[in-house]
Amino acid sequence: MRRPDARWAISAATVLVIVLAVMALLLAGGHGISGSLAAMWNGAFGSTYAVLSATLVRATPLLFVGLAVGLAFRAGVLNIGAEGQLLAGATMAMTIGLLVGGLSRTLALPLVLIAGAGAGAAWAGVAAWLKQRFGVLEVISTLMLNFVANYIISWAVRGPLQEPTHVYPQTVELSDAVRLPTLIAGQRLHLGFVLALALALALWWFLTRTAAGFRVRAVGASVDAARSAGGIDAAHTAALAFIASGALAGLGGASEVTGVTFALYEGISPGYGYSAIAVALLARLHPLAIIGTALLFGALEAGAAAMQRDANVPSVIAVVIEALVVLGVLALDRARSRRMS
Amino acid sequence: MTDAFGEFLQASVRTATPLALAAYGELVAERAGIINLGLEGAIIAGALGALVGAGAGGVGTGFAVAILAGCATAVVVALVVLWLRADAIIAGTAVTMLALGLTGTLYRTIYGTQGAALSVPTVAPHALPLLSGIPLLGRALFVQPVITYVLYGLAVALWWWMTRTHAGLALRATGERPAAAFAAGISPVRMQALALLFGGAMGGLAGGVLVLAQVGTFAEGMSAGRGFIAIAIVVLGRWSPLGVAAAALLFGGASQLQYVFQSLGWPVPYQLFLALPYVLTLLALAGTQRRAVAPAWLGRALEDDAR
């Protein structure tokens, strides 16, 4: 039966709320709306450099962690520790990168990326193990592990990994052999973006075309049904998805270190792991749609940074928009489930 | 040496005060079955509220606005989780992001980029007669801002309320078996809404303490994860009022140790002690889960036919 769909109303209302909130914040700050938005647009799309060195570079880690959160949520695992897993990946990639920096690139770079993915997987693995063995809620354990990862970096860059003059709390820069090559000369866009795109395709193929992917979706949809009707070991499947999710986030950290920052320091992630929740939810956890939402939020964050630089508008306004998007999607979900029931 | 130790204890209690306030708010929410990740947002909202309020009408107004701001974040969480029936974890995370973003934007909007130099009236420590003379502990516990004494009273009142009153029993029943509570005539939705509101108020108060009793100004993101620490404290304190007090002190002490080591010139990595409480929380979780210390319905949605 066709009747007016609440979903469209909620989508429109969400967009309206976001637009009004942004306008109100800009007006309250005495910033010209057109000038601010122009600065934002220029920062995100205004030039080849803006697209290839700001938006896409910023979208790359969001794509990695967005896929990580998407996979975990699909399996019914509330992994809100993508931040910590990304940090673990960045730290391990840096450590290995400093060790193997003298080797040839074809050997060293894969090693560093695998180390990052492995560390992310291990970091998620701790939470997965605590859940399976002791029934610890992953929400709380991943949150705690985010803090621990933060302090490990804080210690490492003032201790074993600190640059030799011991002045700055950061590492030395990675050698060329362990840097991801840029895709276009003169631009910052690096191979990590292509890797992330490939992983999005691979994850889509895995979830929709393989038996293991089906098990993941079944467990996420209903643990009981998967167990009784599908004969699926739900706990095992969820744990594996959790660990794979950590590997994706860890790879994102390795990609940042080897493709963008080339050094490790505190605050290397401005909260990518939390933005990832907005990226994944807006894409309805669909890997291919996550490409789109990661690009959208990459543009948003790149544009917000430019808006702060050029129009003096605080860039945290991007976080407000991301949060409102998440709340809007939650409201939409409610409308959808009402329609189905 | 004992003097330095007394100073360390005093600083630990001071650091623990906002943590404990927020944790008691979270304790009530979790005993009603809801994990409120919006608590971090309540604290930062309370901090900005305190700055605005104190600037307009002094310290008292500052605390009042802080509490209201914390409540406002809780109202959003309650609406999304209880009315729209969305996932509490995601909703709480979103509300925290929203509060962090909004306070950052508003702060710069209201006070401009030079805002950091701005400061507000603060409350000074107030020594309690006689009690503050107790060796060692007297100074730590009884030479503190008045809000810390309010916290002591609140802790006792909360313990009594939760364990000795009918309403406290109803709260705990909601967190254990909401369907049974519903059958007994309790409204689980109302119980959780009120618990969330109380949690938001306490988070806001904690933010107020940061600004009005400690730092004397606002800084973007100054909640610095205290809302999440409060959640850890509730777990480490095994969901009991007394345990929460002890766990808050542990976290407070751990963050003060870095200054002790610095002043003593010991080359101990202080991050170790900062990370330790989180690791302890993980261990405590692993240790307690089997013995069913946590509210049985914690983190689960209410059933549709028993709300």
# chains A, B, ... in the order shown; residues from 1 in each chain; ligands from 1
>>> interface_residues(of="chain B", to="chain A", cutoff="9 Å", atoms="only C-alpha atoms", output="ChimeraX atom specification")
/B:80,84-87,89-91,93-102,104-106,108-110,112,225,228-229,231-232,235,269-272,274-276,278-279,281-282,285-290,299
>>> residues_around(residues="region 184-190 of chain B", least_positions_apart="4", cutoff="6 Å", atoms="only C-alpha atoms", output="PyMOL selection string")
chain B and resi 174+178+307
>>> write_last_selection(atoms="N, CA and C atoms", output="mmCIF file, in the first residue's frame")
data_model
loop_
_atom_site.group_PDB
_atom_site.id
_atom_site.type_symbol
_atom_site.label_atom_id
_atom_site.label_comp_id
_atom_site.auth_asym_id
_atom_site.auth_seq_id
_atom_site.Cartn_x
_atom_site.Cartn_y
_atom_site.Cartn_z
ATOM 1 N N THR B 174 14.524 -1.747 37.154
ATOM 2 C CA THR B 174 14.481 -1.390 35.737
ATOM 3 C C THR B 174 15.746 -1.852 35.031
ATOM 4 N N PRO B 178 13.546 -5.107 33.247
ATOM 5 C CA PRO B 178 12.539 -4.071 32.975
ATOM 6 C C PRO B 178 11.130 -4.645 32.804
ATOM 7 N N ARG B 307 7.261 -1.291 28.189
ATOM 8 C CA ARG B 307 7.989 -0.025 28.313
ATOM 9 C C ARG B 307 7.335 0.820 29.371
#
>>> residues_around(residues="region 50-52 of chain B", least_positions_apart="3", cutoff="12 Å", atoms="only C-alpha atoms", output="MDAnalysis selection string")
chainID B and resid 42:47 55:70 103 106:107 110:111 115:116 118:122 204:213 215:219
>>> write_last_selection(atoms="N, CA and C atoms", output="compact mmCIF listing (two decimals), in the first residue's frame")
# COMPACT_ATOMS: atom_id res chain seq x y z
N ALA B 42 27.77 16.09 28.16
CA ALA B 42 27.18 16.83 29.28
C ALA B 42 28.24 17.64 30.01
N ILE B 43 29.43 17.03 30.17
CA ILE B 43 30.50 17.72 30.91
C ILE B 43 30.97 18.97 30.16
N ILE B 44 31.20 18.83 28.86
CA ILE B 44 31.71 19.98 28.10
C ILE B 44 30.62 21.05 28.00
N ALA B 45 29.35 20.61 27.88
CA ALA B 45 28.26 21.58 27.85
C ALA B 45 28.19 22.31 29.19
N GLY B 46 28.34 21.54 30.29
CA GLY B 46 28.33 22.14 31.61
C GLY B 46 29.46 23.14 31.80
N ALA B 47 30.62 22.81 31.23
CA ALA B 47 31.77 23.69 31.37
C ALA B 47 31.50 25.04 30.70
N GLY B 55 29.88 34.37 34.26
CA GLY B 55 30.16 35.68 33.72
C GLY B 55 28.99 36.62 33.90
N ALA B 56 27.78 36.05 33.84
CA ALA B 56 26.58 36.88 33.92
C ALA B 56 26.13 37.12 35.35
N GLY B 57 26.26 36.09 36.22
CA GLY B 57 25.68 36.26 37.54
C GLY B 57 26.44 35.63 38.69
N GLY B 58 27.73 35.39 38.51
CA GLY B 58 28.51 34.85 39.61
C GLY B 58 28.53 33.33 39.65
N VAL B 59 29.22 32.83 40.67
CA VAL B 59 29.50 31.40 40.75
C VAL B 59 28.22 30.56 40.84
N GLY B 60 27.27 31.01 41.67
CA GLY B 60 26.03 30.25 41.85
C GLY B 60 25.28 30.08 40.54
N THR B 61 25.13 31.18 39.80
CA THR B 61 24.48 31.11 38.50
C THR B 61 25.26 30.19 37.57
N GLY B 62 26.59 30.26 37.67
CA GLY B 62 27.44 29.40 36.85
C GLY B 62 27.11 27.94 37.04
N PHE B 63 27.03 27.51 38.30
CA PHE B 63 26.69 26.10 38.57
C PHE B 63 25.30 25.76 38.06
N ALA B 64 24.35 26.69 38.25
CA ALA B 64 22.98 26.42 37.81
C ALA B 64 22.92 26.23 36.30
N VAL B 65 23.58 27.13 35.56
CA VAL B 65 23.56 27.02 34.09
C VAL B 65 24.29 25.75 33.66
N ALA B 66 25.36 25.40 34.37
CA ALA B 66 26.11 24.18 34.05
C ALA B 66 25.19 22.96 34.14
N ILE B 67 24.41 22.90 35.23
CA ILE B 67 23.50 21.77 35.42
C ILE B 67 22.45 21.73 34.31
N LEU B 68 21.91 22.91 33.98
CA LEU B 68 20.90 22.97 32.92
C LEU B 68 21.48 22.52 31.58
N ALA B 69 22.69 22.95 31.29
CA ALA B 69 23.32 22.58 30.01
C ALA B 69 23.54 21.07 29.95
N GLY B 70 23.98 20.49 31.07
CA GLY B 70 24.15 19.04 31.12
C GLY B 70 22.82 18.34 30.90
N THR B 103 29.97 23.46 21.55
CA THR B 103 30.64 24.30 22.55
C THR B 103 31.87 24.98 21.95
N LEU B 106 30.50 27.74 19.65
CA LEU B 106 29.86 28.82 20.41
C LEU B 106 30.89 29.61 21.21
N TYR B 107 31.84 28.90 21.80
CA TYR B 107 32.85 29.58 22.61
C TYR B 107 33.59 30.62 21.78
N ILE B 110 31.16 33.45 20.93
CA ILE B 110 30.83 34.39 22.00
C ILE B 110 32.05 35.19 22.45
N TYR B 111 33.17 34.49 22.58
CA TYR B 111 34.32 35.15 23.20
C TYR B 111 35.44 35.49 22.23
N GLY B 115 39.69 34.25 23.54
CA GLY B 115 38.94 33.80 24.70
C GLY B 115 39.77 33.18 25.80
N ALA B 116 40.92 32.64 25.47
CA ALA B 116 41.70 31.90 26.45
C ALA B 116 42.12 32.77 27.63
N LEU B 118 40.41 34.94 29.06
CA LEU B 118 39.25 35.28 29.86
C LEU B 118 39.14 34.36 31.09
N SER B 119 38.85 34.94 32.24
CA SER B 119 38.65 34.04 33.37
C SER B 119 37.46 34.50 34.20
N VAL B 120 36.96 33.60 35.00
CA VAL B 120 35.73 33.85 35.75
C VAL B 120 36.00 33.71 37.24
N PRO B 121 35.09 34.23 38.06
CA PRO B 121 35.27 34.02 39.51
C PRO B 121 35.25 32.53 39.82
N THR B 122 36.10 32.09 40.73
CA THR B 122 36.13 30.68 41.09
C THR B 122 35.92 30.53 42.59
N GLY B 204 26.86 17.85 33.86
CA GLY B 204 26.94 19.30 33.75
C GLY B 204 27.60 19.92 34.98
N LEU B 205 27.23 19.40 36.16
CA LEU B 205 27.83 19.89 37.40
C LEU B 205 29.34 19.64 37.39
N ALA B 206 29.73 18.45 36.90
CA ALA B 206 31.15 18.12 36.82
C ALA B 206 31.88 19.13 35.93
N GLY B 207 31.25 19.46 34.80
CA GLY B 207 31.84 20.47 33.92
C GLY B 207 31.95 21.82 34.61
N GLY B 208 30.91 22.14 35.42
CA GLY B 208 30.94 23.39 36.18
C GLY B 208 32.10 23.42 37.16
N VAL B 209 32.35 22.26 37.81
CA VAL B 209 33.46 22.19 38.76
C VAL B 209 34.79 22.45 38.06
N LEU B 210 34.94 21.87 36.87
CA LEU B 210 36.19 22.06 36.12
C LEU B 210 36.47 23.55 35.93
N VAL B 211 35.42 24.28 35.54
CA VAL B 211 35.62 25.70 35.22
C VAL B 211 35.67 26.55 36.49
N LEU B 212 34.71 26.31 37.40
CA LEU B 212 34.53 27.24 38.52
C LEU B 212 35.37 26.90 39.75
N ALA B 213 35.83 25.65 39.86
CA ALA B 213 36.60 25.30 41.06
C ALA B 213 38.01 24.86 40.71
N VAL B 215 39.93 25.22 36.89
CA VAL B 215 40.72 25.89 35.86
C VAL B 215 40.49 27.41 35.85
N GLY B 216 39.26 27.81 36.08
CA GLY B 216 38.96 29.24 36.08
C GLY B 216 38.70 29.80 34.70
N THR B 217 38.71 28.94 33.70
CA THR B 217 38.35 29.38 32.35
C THR B 217 37.90 28.18 31.54
N PHE B 218 37.46 28.45 30.31
CA PHE B 218 37.02 27.37 29.44
C PHE B 218 38.05 27.16 28.35
N ALA B 219 38.21 25.91 27.93
CA ALA B 219 39.04 25.64 26.76
C ALA B 219 38.31 24.60 25.93
>>> select_by_dssp(residues="region 211-289 of chain A", states="alpha helix (DSSP H)", output="count of residues only")
54
>>> atom_distance(atom1="CA of Tyr259 (chain B)", atom2="CA of Leu151 (chain B)")
24.9 Å
>>> residues_around(residues="Gln187 (chain A)", least_positions_apart="3", cutoff="10 Å", atoms="only C-alpha atoms", output="PyMOL selection string")
chain A and resi 48-54+57+182-184+190
>>> residues_around(residues="Ala23 (chain B)", least_positions_apart="6", cutoff="8 Å", atoms="only C-alpha atoms", output="list of chain:residue names")
B:Gly227, B:Ala230, B:Ile231, B:Ile233, B:Val234, B:Val244, B:Ala248
>>> atom_distance(atom1="CA of Ala200 (chain A)", atom2="CA of Tyr272 (chain A)")
17.1 Å
>>> residues_around(residues="Ala234 (chain A)", least_positions_apart="4", cutoff="9 Å", atoms="only C-alpha atoms", output="PyMOL selection string")
chain A and resi 215-216+218-220+223-224+226-227+238-239
>>> write_last_selection(atoms="C-alpha atoms", output="PDB file, in the first residue's frame")
ATOM      1  CA  ARG A 215      27.302 -15.403   7.842  1.00  0.00           C
ATOM      2  CA  VAL A 216      28.500 -11.988   8.987  1.00  0.00           C
ATOM      3  CA  ALA A 218      23.148 -13.094   9.281  1.00  0.00           C
ATOM      4  CA  VAL A 219      24.770 -12.731  12.706  1.00  0.00           C
ATOM      5  CA  GLY A 220      24.367  -8.970  12.547  1.00  0.00           C
ATOM      6  CA  VAL A 223      22.129 -13.752  16.467  1.00  0.00           C
ATOM      7  CA  ASP A 224      19.379 -16.171  17.435  1.00  0.00           C
ATOM      8  CA  ALA A 226      21.709 -17.221  12.581  1.00  0.00           C
ATOM      9  CA  ARG A 227      22.404 -19.736  15.311  1.00  0.00           C
ATOM     10  CA  ALA A 238      31.333 -11.814  15.234  1.00  0.00           C
ATOM     11  CA  ALA A 239      34.826 -12.093  16.732  1.00  0.00           C
TER      12      ALA A 239
END
>>> residues_around(residues="Ala244 (chain A)", least_positions_apart="2", cutoff="9 Å", atoms="only C-alpha atoms", output="ChimeraX atom specification")
/A:68,71-72,117,120-121,124-125,239-242,246-249
>>> closest_residue(among="A:Ala6, A:Val279, A:Ala211, A:Met23", to="Ile232 (chain A)", atoms="only C-alpha atoms")
A:Ala211
>>> select_by_dssp(residues="region 89-275 of chain B", states="strand (DSSP E)", output="list in words")
His126, Ala127, Val143 and Gln144 of chain B
>>> write_last_selection(atoms="C-alpha atoms", output="mmCIF file, in the first residue's frame")
data_model
loop_
_atom_site.group_PDB
_atom_site.id
_atom_site.type_symbol
_atom_site.label_atom_id
_atom_site.label_comp_id
_atom_site.auth_asym_id
_atom_site.auth_seq_id
_atom_site.Cartn_x
_atom_site.Cartn_y
_atom_site.Cartn_z
ATOM 1 C CA HIS B 126 37.342 26.091 52.346
ATOM 2 C CA ALA B 127 38.916 24.371 55.359
ATOM 3 C CA VAL B 143 40.453 21.513 52.709
ATOM 4 C CA GLN B 144 38.536 21.486 49.467
#
>>> closest_residue(among="A:Arg217, A:Ser255, A:Arg309, A:Ala304", to="Trp41 (chain A)", atoms="only C-alpha atoms")
A:Ala304
>>> closest_residue(among="B:Leu27, B:Ala173, B:Leu39, B:Leu79", to="Ala296 (chain B)", atoms="only C-alpha atoms")
B:Ala173
>>> decode(residues="region 83-161 of chain A", atoms="C-alpha atoms", output="short mmCIF file (atom, residue, chain, number, x, y, z; two decimals), in the first residue's frame")
data_model
loop_
_atom_site.label_atom_id
_atom_site.label_comp_id
_atom_site.auth_asym_id
_atom_site.auth_seq_id
_atom_site.Cartn_x
_atom_site.Cartn_y
_atom_site.Cartn_z
CA GLU A 83 40.17 5.38 16.88
CA GLY A 84 42.36 3.22 19.11
CA GLN A 85 42.84 0.59 16.41
CA LEU A 86 43.92 3.31 13.98
CA LEU A 87 46.38 4.65 16.56
CA ALA A 88 47.75 1.17 17.22
CA GLY A 89 48.22 0.69 13.47
CA ALA A 90 49.97 4.05 13.12
CA THR A 91 52.31 3.29 16.03
CA MET A 92 53.26 -0.15 14.79
CA ALA A 93 53.70 1.06 11.21
CA MET A 94 56.00 3.80 12.47
CA THR A 95 58.03 1.39 14.59
CA ILE A 96 58.51 -1.09 11.77
CA GLY A 97 59.01 1.74 9.27
CA LEU A 98 61.97 3.03 11.27
CA LEU A 99 63.45 -0.48 11.40
CA VAL A 100 63.10 -1.41 7.73
CA GLY A 101 63.54 2.07 6.22
CA GLY A 102 66.84 0.99 4.70
CA LEU A 103 65.36 -1.87 2.68
CA SER A 104 64.00 -1.57 -0.84
CA ARG A 105 60.53 -0.10 -1.17
CA THR A 106 58.92 -3.20 -2.69
CA LEU A 107 59.92 -5.13 0.39
CA ALA A 108 59.67 -2.49 3.12
CA LEU A 109 56.37 -0.80 2.31
CA PRO A 110 54.17 -3.94 2.32
CA LEU A 111 55.85 -4.97 5.54
CA VAL A 112 54.97 -1.67 7.19
CA LEU A 113 51.35 -1.75 5.99
CA ILE A 114 50.91 -5.34 7.14
CA ALA A 115 52.38 -4.41 10.53
CA GLY A 116 49.84 -1.59 10.84
CA ALA A 117 46.92 -3.84 9.91
CA GLY A 118 48.21 -6.50 12.30
CA ALA A 119 48.44 -4.07 15.20
CA GLY A 120 44.91 -2.80 14.54
CA ALA A 121 43.67 -6.39 14.40
CA ALA A 122 45.45 -7.21 17.65
CA TRP A 123 44.02 -4.13 19.35
CA ALA A 124 40.51 -5.13 18.31
CA GLY A 125 41.39 -8.71 19.15
CA VAL A 126 41.86 -7.81 22.81
CA ALA A 127 38.28 -6.51 22.93
CA ALA A 128 37.00 -9.45 20.88
CA TRP A 129 38.68 -11.90 23.25
CA LEU A 130 37.38 -10.09 26.35
CA LYS A 131 33.89 -10.31 24.86
CA GLN A 132 34.03 -13.95 23.90
CA ARG A 133 35.85 -15.19 27.00
CA PHE A 134 34.35 -12.96 29.69
CA GLY A 135 31.30 -11.39 28.05
CA VAL A 136 32.73 -7.87 28.40
CA LEU A 137 30.66 -5.30 26.49
CA GLU A 138 32.77 -4.23 23.49
CA VAL A 139 31.47 -0.69 23.82
CA ILE A 140 33.27 -0.20 27.11
CA SER A 141 36.38 -2.23 26.31
CA THR A 142 37.05 -0.50 22.97
CA LEU A 143 36.54 2.86 24.64
CA MET A 144 39.13 1.98 27.31
CA LEU A 145 41.54 0.72 24.65
CA ASN A 146 41.26 4.04 22.79
CA PHE A 147 42.70 5.75 25.86
CA VAL A 148 45.42 3.16 26.33
CA ALA A 149 46.47 3.55 22.67
CA ASN A 150 46.61 7.31 23.15
CA TYR A 151 48.91 6.98 26.16
CA ILE A 152 51.12 4.47 24.38
CA ILE A 153 51.74 7.05 21.65
CA SER A 154 52.24 9.77 24.25
CA TRP A 155 54.90 7.59 25.91
CA ALA A 156 56.51 6.32 22.70
CA VAL A 157 57.09 9.78 21.22
CA ARG A 158 58.71 10.94 24.46
CA GLY A 159 60.59 7.70 24.98
CA PRO A 160 61.79 4.96 22.67
CA LEU A 161 60.59 6.56 19.42
#
